[in-house]
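Engineer: Dropping in coords_36.txt, with compact mmCIF, C-alpha atoms.
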# COMPACT_ATOMS: atom_id res chain seq x y z
CA MET Q 1 0.00 0.00 0.00
CA ALA Q 2 1.39 3.43 -0.96
CA ILE Q 3 1.77 6.36 1.43
CA ARG Q 4 -1.68 7.90 1.95
CA THR Q 5 -2.59 11.42 3.06
CA LEU Q 6 -5.67 11.30 5.28
CA LYS Q 7 -5.76 15.07 5.75
CA LYS Q 8 -4.29 17.69 3.40
CA GLY Q 9 -3.30 21.31 3.94
CA ARG Q 10 -3.43 24.29 1.60
CA SER Q 11 -2.08 23.89 -1.90
CA GLY Q 12 1.36 25.05 -2.94
CA ALA Q 13 -0.21 27.51 -5.38
CA ASP Q 14 -2.15 29.24 -2.60
CA GLN Q 15 0.99 29.53 -0.49
CA SER Q 16 2.97 30.96 -3.43
CA ALA Q 17 0.35 33.68 -3.91
CA ASP Q 18 0.68 34.63 -0.25
CA HIS Q 19 4.45 34.91 -0.61
CA ALA Q 20 4.24 37.19 -3.64
CA GLU Q 21 2.18 39.70 -1.65
CA VAL Q 22 4.61 39.56 1.29
CA LYS Q 23 7.61 40.03 -1.02
CA ALA Q 24 6.21 43.21 -2.57
CA THR Q 25 5.30 44.70 0.80
CA VAL Q 26 8.77 44.07 2.21
CA GLU Q 27 10.52 45.55 -0.84
CA GLY Q 28 8.64 48.82 -0.44
CA ILE Q 29 9.30 49.10 3.29
CA LEU Q 30 13.02 48.36 2.97
CA ALA Q 31 13.38 51.01 0.27
CA ASP Q 32 11.59 53.54 2.48
CA ILE Q 33 13.83 52.84 5.48
CA GLU Q 34 16.98 52.98 3.36
CA SER Q 35 15.87 56.35 1.99
CA ARG Q 36 14.45 58.04 5.10
CA GLY Q 37 16.14 56.26 8.01
CA ASP Q 38 14.79 57.10 11.46
CA ALA Q 39 11.80 59.00 10.07
CA ALA Q 40 10.61 55.95 8.15
CA VAL Q 41 11.19 53.67 11.14
CA ARG Q 42 9.12 55.97 13.33
CA ASP Q 43 6.29 56.20 10.80
CA LEU Q 44 6.20 52.42 10.35
CA SER Q 45 6.24 51.75 14.09
CA ALA Q 46 3.35 54.16 14.58
CA LYS Q 47 1.42 52.57 11.70
CA PHE Q 48 1.90 48.89 12.56
CA ASP Q 49 2.45 48.92 16.34
CA LYS Q 50 0.93 52.24 17.46
CA TRP Q 51 4.29 52.88 19.09
CA GLU Q 52 6.33 56.09 18.72
CA PRO Q 53 8.25 56.88 21.93
CA GLU Q 54 10.81 59.64 22.22
CA SER Q 55 13.50 56.99 21.80
CA PHE Q 56 13.09 53.37 20.73
CA ARG Q 57 16.18 52.43 22.74
CA LEU Q 58 15.52 51.69 26.39
CA THR Q 59 17.59 53.44 29.04
CA PRO Q 60 19.10 51.49 31.95
CA ALA Q 61 16.37 52.94 34.18
CA GLN Q 62 13.63 51.72 31.82
CA ILE Q 63 15.23 48.27 31.66
CA ASN Q 64 15.41 48.08 35.45
CA ALA Q 65 11.78 49.18 35.69
CA CYS Q 66 10.77 46.28 33.45
CA ILE Q 67 12.79 43.84 35.54
CA GLY Q 68 11.14 45.23 38.67
CA LEU Q 69 7.70 44.27 37.35
CA LEU Q 70 8.57 40.56 37.47
CA SER Q 71 8.26 38.29 40.48
CA ASP Q 72 11.23 36.47 41.98
CA ARG Q 73 9.83 33.21 40.58
CA GLU Q 74 9.59 34.66 37.08
CA LEU Q 75 13.16 35.97 37.24
CA ASP Q 76 14.40 32.63 38.59
CA ASP Q 77 12.66 30.80 35.74
CA ILE Q 78 14.29 33.08 33.15
CA ARG Q 79 17.64 32.60 34.87
CA PHE Q 80 17.23 28.80 34.84
CA ALA Q 81 16.41 28.73 31.13
CA GLN Q 82 19.38 30.93 30.30
CA GLU Q 83 21.68 28.71 32.35
CA GLN Q 84 20.63 25.72 30.23
CA VAL Q 85 21.11 27.59 26.94
CA ARG Q 86 24.43 29.03 28.06
CA ALA Q 87 25.77 25.68 29.27
CA PHE Q 88 24.99 23.88 26.02
CA ALA Q 89 26.39 26.74 23.93
CA GLU Q 90 29.60 26.66 25.99
CA HIS Q 91 29.96 22.93 25.35
CA GLN Q 92 29.39 23.53 21.64
CA LYS Q 93 32.00 26.28 21.59
CA ALA Q 94 34.50 24.03 23.35
CA SER Q 95 34.13 21.53 20.50
CA LEU Q 96 35.34 24.17 18.01
CA GLN Q 97 39.10 24.23 18.12
CA ASP Q 98 41.52 26.62 16.47
CA LEU Q 99 43.88 24.67 14.23
CA GLU Q 100 47.51 24.97 13.15
CA VAL Q 101 49.35 22.20 11.30
CA GLU Q 102 52.54 21.86 9.27
CA THR Q 103 51.18 20.06 6.20
CA ARG Q 104 54.60 19.83 4.49
CA PRO Q 105 58.05 20.77 5.78
CA GLY Q 106 57.98 24.55 6.10
CA VAL Q 107 54.30 24.98 5.18
CA LEU Q 108 52.10 26.05 8.07
CA LEU Q 109 48.31 26.16 7.68
CA GLY Q 110 45.72 27.03 10.25
CA HIS Q 111 42.37 28.50 11.10
CA ARG Q 112 40.96 30.65 13.87
CA ASN Q 113 37.37 30.84 15.06
CA ILE Q 114 36.73 34.58 15.28
CA PRO Q 115 33.54 36.08 16.75
CA MET Q 116 31.60 38.55 14.64
CA ASN Q 117 31.88 42.17 15.76
CA SER Q 118 28.18 42.97 15.96
CA VAL Q 119 24.93 41.00 15.92
CA GLY Q 120 21.28 42.01 15.89
CA CYS Q 121 18.84 39.70 17.67
CA TYR Q 122 15.17 39.95 16.80
CA VAL Q 123 12.69 38.68 19.37
CA PRO Q 124 9.09 38.32 18.10
CA GLY Q 125 6.39 39.58 20.40
CA GLY Q 126 3.36 40.99 18.64
CA LYS Q 127 1.06 38.04 19.38
CA TYR Q 128 3.05 36.34 22.15
CA PRO Q 129 6.04 37.88 24.00
CA LEU Q 130 8.59 35.21 23.08
CA VAL Q 131 10.91 35.39 26.08
CA ALA Q 132 12.81 32.28 24.97
CA SER Q 133 13.95 33.88 21.71
CA ALA Q 134 15.99 36.36 23.76
CA HIS Q 135 17.95 33.48 25.28
CA MET Q 136 18.52 31.81 21.94
CA GLY Q 137 19.94 34.89 20.24
CA VAL Q 138 21.51 37.07 22.91
CA VAL Q 139 22.94 34.42 25.23
CA THR Q 140 24.37 32.31 22.42
CA ALA Q 141 25.98 35.33 20.72
CA LYS Q 142 27.59 36.37 23.99
CA VAL Q 143 28.94 32.85 24.61
CA ALA Q 144 30.52 33.06 21.15
CA GLY Q 145 32.26 36.27 22.23
CA VAL Q 146 30.40 38.85 20.12
CA PRO Q 147 31.31 42.27 21.62
CA ARG Q 148 28.19 44.18 20.48
CA VAL Q 149 24.82 42.46 20.66
CA ILE Q 150 21.70 44.55 20.13
CA ALA Q 151 18.19 43.22 20.65
CA MET Q 152 14.84 44.38 19.36
CA THR Q 153 11.29 43.35 20.15
CA PRO Q 154 7.92 44.93 19.38
CA PRO Q 155 5.73 46.47 22.07
CA PHE Q 156 3.22 44.12 23.62
CA GLU Q 157 -0.19 45.52 24.49
CA GLY Q 158 1.12 49.05 24.10
CA ARG Q 159 4.29 48.84 26.20
CA PRO Q 160 7.59 46.98 26.47
CA ALA Q 161 7.06 43.34 27.43
CA PRO Q 162 8.74 43.18 30.87
CA ALA Q 163 9.77 39.52 30.68
CA VAL Q 164 11.32 39.90 27.21
CA VAL Q 165 13.25 43.01 28.23
CA ALA Q 166 14.43 41.26 31.39
CA ALA Q 167 15.60 38.25 29.38
CA MET Q 168 17.46 40.47 26.91
CA SER Q 169 19.20 42.31 29.73
CA MET Q 170 19.99 39.19 31.77
CA GLY Q 171 21.30 37.53 28.61
CA GLY Q 172 23.85 40.30 28.10
CA ALA Q 173 22.36 42.55 25.38
CA ASP Q 174 24.36 45.74 24.97
CA GLU Q 175 21.48 47.74 23.47
CA ILE Q 176 17.75 47.06 23.80
CA TYR Q 177 15.11 48.60 21.53
CA ILE Q 178 11.33 48.34 21.52
CA LEU Q 179 10.83 48.07 17.79
CA GLY Q 180 9.20 45.31 15.78
CA GLY Q 181 8.66 43.74 12.41
CA ILE Q 182 10.29 44.69 9.13
CA GLN Q 183 11.33 48.07 10.50
CA ALA Q 184 13.32 46.41 13.29
CA VAL Q 185 15.36 44.02 11.15
CA ALA Q 186 15.86 46.73 8.51
CA ALA Q 187 17.09 49.24 11.08
CA MET Q 188 19.57 46.70 12.43
CA ALA Q 189 20.79 45.68 8.99
CA LEU Q 190 20.87 49.04 7.21
CA GLY Q 191 21.44 51.36 10.14
CA THR Q 192 19.80 54.74 10.69
CA GLU Q 193 20.92 58.07 12.10
CA THR Q 194 20.58 56.71 15.65
CA ILE Q 195 21.15 52.95 15.21
CA ALA Q 196 24.53 51.66 14.09
CA PRO Q 197 24.19 48.71 11.67
CA VAL Q 198 25.16 45.17 12.59
CA ASP Q 199 27.03 42.49 10.67
CA PHE Q 200 24.63 39.62 11.30
CA LEU Q 201 20.90 39.16 11.98
CA VAL Q 202 19.35 36.33 13.97
CA GLY Q 203 15.94 35.44 15.28
CA PRO Q 204 12.62 33.99 14.17
CA GLY Q 205 9.64 36.01 13.03
CA ASN Q 206 6.54 36.06 10.90
CA ALA Q 207 6.49 35.82 7.11
CA PHE Q 208 7.31 39.52 6.75
CA VAL Q 209 10.34 39.31 9.04
CA ALA Q 210 11.61 36.20 7.26
CA GLU Q 211 11.20 37.86 3.86
CA ALA Q 212 12.96 41.00 5.09
CA LYS Q 213 15.91 38.89 6.22
CA ARG Q 214 15.97 37.15 2.85
CA GLN Q 215 16.07 40.45 0.99
CA LEU Q 216 18.72 41.89 3.33
CA PHE Q 217 21.00 38.87 3.04
CA GLY Q 218 24.22 39.93 1.39
CA ARG Q 219 24.26 43.32 3.02
CA VAL Q 220 24.35 41.44 6.31
CA GLY Q 221 24.59 37.79 7.22
CA ILE Q 222 21.54 35.96 8.51
CA ASP Q 223 21.18 32.87 10.64
CA LEU Q 224 18.55 31.25 8.43
CA LEU Q 225 15.09 31.86 7.06
CA ALA Q 226 13.06 30.95 10.11
CA GLY Q 227 9.47 31.32 8.98
CA PRO Q 228 6.22 30.04 10.49
CA THR Q 229 6.71 27.28 13.03
CA GLU Q 230 6.49 23.71 11.69
CA THR Q 231 6.06 20.49 13.60
CA LEU Q 232 6.09 16.86 12.53
CA VAL Q 233 4.91 14.18 14.94
CA ILE Q 234 6.14 10.68 14.08
CA ALA Q 235 4.20 8.13 16.09
CA ASP Q 236 3.19 4.48 16.20
CA ASP Q 237 0.73 2.50 18.30
CA THR Q 238 2.91 2.71 21.42
CA VAL Q 239 1.41 6.15 22.15
CA ASP Q 240 -2.14 7.45 22.31
CA ALA Q 241 -4.10 10.03 20.39
CA GLU Q 242 -4.19 12.55 23.24
CA LEU Q 243 -0.40 12.80 23.28
CA CYS Q 244 -0.22 13.20 19.49
CA ALA Q 245 -3.00 15.78 19.32
CA THR Q 246 -1.51 17.77 22.18
CA ASP Q 247 1.88 17.93 20.49
CA LEU Q 248 0.33 18.94 17.17
CA LEU Q 249 -1.78 21.75 18.63
CA GLY Q 250 1.02 22.88 20.92
CA GLN Q 251 2.81 24.18 17.84
CA ALA Q 252 -0.24 25.03 15.71
CA GLU Q 253 -1.07 27.79 18.21
CA HIS Q 254 2.01 29.73 17.07
CA GLY Q 255 0.19 31.23 14.10
CA VAL Q 256 -2.54 30.72 11.55
CA ASN Q 257 -0.08 29.31 9.02
CA SER Q 258 1.97 26.94 11.19
CA PRO Q 259 2.09 23.46 9.62
CA ALA Q 260 1.48 20.55 11.99
CA VAL Q 261 1.83 17.06 10.50
CA LEU Q 262 1.16 13.62 11.95
CA LEU Q 263 3.14 10.81 10.31
CA THR Q 264 2.21 7.32 11.46
CA ASN Q 265 2.01 3.67 10.46
CA SER Q 266 -1.15 3.15 12.50
CA GLU Q 267 -4.44 4.09 10.81
CA LYS Q 268 -6.21 3.66 14.14
CA LEU Q 269 -3.90 6.22 15.79
CA ALA Q 270 -4.24 8.56 12.80
CA ARG Q 271 -8.04 8.67 12.93
CA GLU Q 272 -8.21 8.81 16.72
CA SER Q 273 -5.69 11.69 16.72
CA MET Q 274 -7.81 13.68 14.25
CA ASP Q 275 -10.82 13.18 16.53
CA GLU Q 276 -8.77 14.17 19.56
CA VAL Q 277 -7.58 17.35 17.85
CA GLU Q 278 -11.22 18.39 17.42
CA ARG Q 279 -11.97 17.64 21.08
CA LEU Q 280 -8.98 19.66 22.31
CA LEU Q 281 -9.81 22.58 20.03
CA ASP Q 282 -13.07 22.97 21.98
CA ILE Q 283 -11.15 23.62 25.22
CA LEU Q 284 -7.79 25.08 24.16
CA PRO Q 285 -7.56 28.80 25.08
CA THR Q 286 -5.61 29.51 21.87
CA ALA Q 287 -8.03 27.52 19.72
CA ALA Q 288 -8.92 30.46 17.46
CA THR Q 289 -5.38 30.44 16.08
CA ALA Q 290 -4.72 26.72 16.36
CA ARG Q 291 -7.94 25.74 14.59
CA GLN Q 292 -7.21 28.00 11.62
CA SER Q 293 -3.68 26.62 11.40
CA TRP Q 294 -4.82 22.99 11.67
CA THR Q 295 -7.59 23.49 9.11
CA GLY Q 296 -5.33 25.17 6.55
CA TYR Q 297 -1.96 23.56 7.16
CA GLY Q 298 -2.49 20.40 9.21
CA GLN Q 299 -1.79 17.03 7.60
CA VAL Q 300 -2.12 13.38 8.56
CA ILE Q 301 0.01 10.93 6.57
CA LEU Q 302 -0.22 7.16 6.83
CA CYS Q 303 2.73 4.88 6.00
CA ASP Q 304 3.19 1.11 6.01
CA SER Q 305 6.54 0.93 7.77
CA GLU Q 306 9.21 2.78 9.67
CA GLU Q 307 11.36 2.80 6.51
CA GLU Q 308 8.59 4.69 4.68
CA MET Q 309 8.22 7.04 7.63
CA VAL Q 310 11.92 7.94 7.48
CA LEU Q 311 11.72 8.63 3.75
CA GLU Q 312 8.60 10.77 4.13
CA ALA Q 313 10.01 12.64 7.12
CA ASP Q 314 13.18 13.46 5.19
CA ARG Q 315 11.06 14.66 2.28
CA ILE Q 316 9.09 16.98 4.57
CA ALA Q 317 12.30 18.22 6.31
CA SER Q 318 10.36 19.74 9.18
CA GLU Q 319 11.64 22.27 11.66
CA HIS Q 320 10.60 20.24 14.73
CA VAL Q 321 10.31 16.45 14.65
CA GLN Q 322 8.73 14.75 17.64
CA VAL Q 323 9.41 10.98 17.55
CA MET Q 324 7.21 8.75 19.71
CA THR Q 325 7.79 5.18 18.56
CA ARG Q 326 9.03 1.87 19.93
CA ASP Q 327 12.59 2.79 19.01
CA PRO Q 328 13.07 6.57 18.60
CA ASP Q 329 16.78 6.06 18.00
CA TYR Q 330 15.89 4.30 14.74
CA PHE Q 331 14.97 7.75 13.41
CA LEU Q 332 17.95 9.47 15.05
CA GLU Q 333 20.27 7.08 13.24
CA ARG Q 334 18.56 7.28 9.83
CA MET Q 335 16.97 10.70 9.37
CA THR Q 336 19.03 13.42 7.70
CA ASN Q 337 16.63 16.34 7.16
CA TYR Q 338 15.28 18.03 10.29
CA GLY Q 339 15.77 21.14 12.38
CA ALA Q 340 15.73 19.38 15.73
CA LEU Q 341 14.66 15.94 16.94
CA PHE Q 342 12.68 15.35 20.14
CA LEU Q 343 13.04 11.69 20.97
CA GLY Q 344 10.54 9.70 22.99
CA PRO Q 345 7.23 10.58 24.67
CA ARG Q 346 8.97 12.10 27.71
CA THR Q 347 10.29 15.01 25.70
CA ASN Q 348 8.48 17.44 23.44
CA VAL Q 349 8.98 20.51 21.28
CA ALA Q 350 7.95 22.92 24.05
CA TYR Q 351 10.94 21.76 26.12
CA GLY Q 352 13.25 22.68 23.26
CA ASP Q 353 11.40 25.93 22.56
CA LYS Q 354 11.62 27.24 26.09
CA VAL Q 355 14.10 25.73 28.46
CA ILE Q 356 16.01 22.50 27.81
CA GLY Q 357 19.08 24.23 26.36
CA THR Q 358 19.18 23.52 22.63
CA ASN Q 359 18.51 26.49 20.36
CA HIS Q 360 14.96 26.95 19.08
CA THR Q 361 15.80 29.07 16.02
CA LEU Q 362 15.59 26.33 13.40
CA PRO Q 363 15.23 25.93 9.61
CA THR Q 364 11.77 25.91 8.09
CA LEU Q 365 10.34 25.66 4.55
CA GLY Q 366 12.44 22.58 3.77
CA ASN Q 367 15.71 24.37 4.51
CA ALA Q 368 16.67 21.54 6.87
CA ARG Q 369 17.85 19.78 3.70
CA PHE Q 370 20.95 22.01 3.73
CA THR Q 371 21.33 23.72 7.09
CA GLY Q 372 20.95 23.17 10.79
CA GLY Q 373 19.64 25.72 13.26
CA LEU Q 374 21.16 28.59 15.17
CA TRP Q 375 24.06 27.62 17.42
CA VAL Q 376 27.19 29.18 18.82
CA GLY Q 377 29.15 28.36 15.65
CA LYS Q 378 26.87 30.66 13.59
CA PHE Q 379 28.40 33.65 15.39
CA LEU Q 380 31.96 32.57 14.64
CA LYS Q 381 33.90 32.99 11.41
CA THR Q 382 36.32 30.16 10.74
CA CYS Q 383 39.12 32.06 9.01
CA THR Q 384 42.19 30.39 7.54
CA TYR Q 385 45.77 31.58 7.44
CA GLN Q 386 48.98 30.27 5.91
CA LYS Q 387 52.69 30.84 6.47
CA VAL Q 388 55.66 29.52 4.47
CA LEU Q 389 58.54 29.17 6.90
CA ASN Q 390 61.65 28.73 4.70
CA ASP Q 391 63.07 29.21 1.21
CA ASP Q 392 62.90 25.57 0.18
CA ALA Q 393 59.19 25.33 1.00
CA SER Q 394 58.37 28.53 -0.89
CA VAL Q 395 60.21 27.24 -3.97
CA GLU Q 396 58.57 23.81 -3.85
CA ILE Q 397 55.04 25.22 -3.55
CA GLY Q 398 55.93 27.95 -6.05
CA GLU Q 399 56.91 25.50 -8.79
CA TYR Q 400 53.60 23.66 -8.56
CA CYS Q 401 51.71 26.94 -8.33
CA SER Q 402 53.46 28.43 -11.38
CA ARG Q 403 52.59 25.50 -13.60
CA LEU Q 404 49.00 25.27 -12.37
CA CYS Q 405 48.45 28.99 -12.92
CA MET Q 406 49.69 28.81 -16.50
CA LEU Q 407 47.49 25.73 -17.05
CA GLU Q 408 44.55 28.05 -16.38
CA GLY Q 409 46.00 30.98 -18.33
CA PHE Q 410 46.67 33.19 -15.30
CA ALA Q 411 50.03 34.67 -16.15
CA GLY Q 412 49.91 37.25 -13.35
CA HIS Q 413 49.18 34.58 -10.81
CA ALA Q 414 52.08 32.52 -12.16
CA GLU Q 415 54.44 35.47 -11.76
CA GLN Q 416 53.54 35.68 -8.05
CA ALA Q 417 55.04 32.22 -7.76
CA ASN Q 418 57.91 32.81 -10.21
CA ILE Q 419 59.29 35.85 -8.41
CA ARG Q 420 59.68 33.78 -5.27
CA ILE Q 421 61.30 30.91 -7.15
CA ARG Q 422 63.86 33.42 -8.46
CA ARG Q 423 64.45 35.12 -5.10
CA TYR Q 424 64.41 32.16 -2.77
CA GLY Q 425 65.59 29.40 -5.13
CA GLY Q 426 68.07 31.26 -7.31
CA ARG Q 427 66.43 29.94 -10.49
CA ASN Q 428 65.98 32.08 -13.61
CA VAL Q 429 62.33 31.39 -14.42
CA PRO Q 430 61.25 33.49 -17.46
CA TYR Q 431 58.75 36.24 -16.70
CA ALA Q 432 55.12 35.01 -16.67
CA GLN Q 433 55.97 31.52 -17.88
CA ALA Q 434 55.50 28.18 -16.18
CA ALA Q 435 58.32 26.94 -13.98
CA GLU Q 436 60.08 23.87 -15.37
Spit out the file's structure as structure tokens when you get a sec.

Structural biologist:
Amino acid sequence: MAIRTLKKGRSGADQSADHAEVKATVEGILADIESRGDAAVRDLSAKFDKWEPESFRLTPAQINACIGLLSDRELDDIRFAQEQVRAFAEHQKASLQDLEVETRPGVLLGHRNIPMNSVGCYVPGGKYPLVASAHMGVVTAKVAGVPRVIAMTPPFEGRPAPAVVAAMSMGGADEIYILGGIQAVAAMALGTETIAPVDFLVGPGNAFVAEAKRQLFGRVGIDLLAGPTETLVIADDTVDAELCATDLLGQAEHGVNSPAVLLTNSEKLARESMDEVERLLDILPTAATARQSWTGYGQVILCDSEEEMVLEADRIASEHVQVMTRDPDYFLERMTNYGALFLGPRTNVAYGDKVIGTNHTLPTLGNARFTGGLWVGKFLKTCTYQKVLNDDASVEIGEYCSRLCMLEGFAGHAEQANIRIRRYGGRNVPYAQAAE
């Protein structure tokens, strides 16, 4: 029996039409900000967020006031989450070693892992104040050693979101701005009269933020195109429908276009999970969003075997993959396309999103086929260097180089080698000809 889809989401054509509209909107806004700087940013913030303070950057007193609005328990919870993120990022950084090796006598090659000089971290917060995104961007950049980390988040219900501001500050942000959407990432990337530009942008966001990052790539670096949240639940008959439905809706509540997919080899579990989704949608406080997302983007796919499930999961290349099967490690060992794996019924995507320590900024839209998610290494540039230590080594490498350059027709390149053969080897190599 072939793979069957028991529930389908919106067509690719419909989604392409949505993207075309987003693309045009972003192009216009970026051009406006590049032309008018702070004035455009202020106009856009007033239009989209009803927010136009005297300064978008928070003062130390304003930051402390936000922190003061939180309870000791809330601050302790933020601190705990950041400790987990920081600890894992530090272990990751320790695995990245500078290198220096003498590959031939007198030829020294190496690389250094150099932190970027400035990073902009975007923290979404229009619908939900995403405290965890502050940890993922700010804390990880600081562990990497980035000297200037700025953070931006939109106002929430007409004011700075205290928990997000606290998390940014506790994470080590050097500058904190209450500014959201396209205007935030554009201001960080392009710079304005009052905001110095950064070298690299990180952070998730809605379709407009993701498209802005895509269009800004090249002027600045970006972590990845982290669009609407995606989740894939891989399950068999060892778990029940309530667990599957809960994990599907737990991510569908992110937004009205967040794909949630159930992949199973049990038709009984598939149909019971669809029924359970409907039951939970009647009691879930965020059901208005989750129902729209599930209706438009939810899928249920039935396979015959675990082998088929691996192939289908790799085809989907989902951002989050929750595996609840007899042997979750079967998928860990065989899957190649995913943002992050959550193995076994005792773990779940929410753990990774909020607190467990791995980074939650992950590839979407099939980008897991060619990239992983945000991690400490994204903030480091692995830069090579080379040093020739003696005359004999320079001549040996030079002879090969001279001939290979002339093989390609690069006479000027060849002469870079030839002049060193003459000086350090005492050989009379004709000008711009291959060494014999």

Engineer: In Å, how far is it from CA of Asp314 (chain Q) to CA of Leu365 (chain Q)?

Structural biologist: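 Separating CA of Asp314 (chain Q) from CA of Leu365 (chain Q) is a distance of 12.5 Å.
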
Engineer: Nearest residue to Leu108 (chain Q) out of Q:Ala39, Q:Ala432, Q:Tyr385, Q:Asp329, using all atoms listed in the file?

Structural biologist: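 So, comparing all the options, the nearest one is Q:Tyr385.
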
Engineer: Just to confirm, what's the straight-line distance from CA of Asp237 (chain Q) to CA of Leu311 (chain Q) in Å (one decimal)?

Structural biologist: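 Rounded to one decimal, the two atoms are 19.2 Å apart.
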
Engineer: What gap, in Å, lies between CA of Glu193 (chain Q) and CA of Asp43 (chain Q)?

Structural biologist: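 Spanning CA of Glu193 (chain Q) to CA of Asp43 (chain Q) is a straight-line distance of 14.8 Å.
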
Engineer: Could you give me, as a PyMOL selection string, the residues within 12 Å of Ala173 (chain Q), counting only C-alpha atoms and dropping anything in the same chain fewer than 6 positions from it?

Structural biologist: chain Q and resi 57-58+60+63+118-122+134-143+146-152+164-167

Engineer: List the neighbours of Asn265 (chain Q) out to 6 Å using only C-alpha atoms; skip same-chain residues closer than 3 positions along the sequence, and give me the result as JSON, numbers by chain.

Structural biologist: {"Q": [236, 302, 303, 304, 305]}

Engineer: Could you dump the residues just selected with C-alpha atoms as a short mmCIF file (atom, residue, chain, number, x, y, z; two decimals), in the frame of the given file?

Structural biologist:
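Saved as result17.cif:
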data_model
loop_
_atom_site.label_atom_id
_atom_site.label_comp_id
_atom_site.auth_asym_id
_atom_site.auth_seq_id
_atom_site.Cartn_x
_atom_site.Cartn_y
_atom_site.Cartn_z
CA ASP Q 236 3.19 4.48 16.20
CA LEU Q 302 -0.22 7.16 6.83
CA CYS Q 303 2.73 4.88 6.00
CA ASP Q 304 3.19 1.11 6.01
CA SER Q 305 6.54 0.93 7.77
#

Engineer: Kindly indicate which residue among Q:Leu380, Q:Val41, Q:Val22, Q:Val429 lies nearest to Arg112 (chain Q), using all atoms listed in the file for the distances.

Structural biologist: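 Residue with the minimum atom-to-atom distance to Arg112 (chain Q): Q:Leu380.
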
Engineer: Which one is closest to Ala317 (chain Q): Q:Ala368, Q:Leu263, Q:Ala163, Q:Leu280? Count only C-alpha atoms.

Structural biologist: Q:Ala368

Engineer: So, counting all atoms listed in the file, which residue among Q:Pro228, Q:Gly106, Q:Gly352, Q:Gly296 is closest to Val85 (chain Q)?

Structural biologist: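 Closest residue, counting all atoms listed in the file: Q:Gly352.
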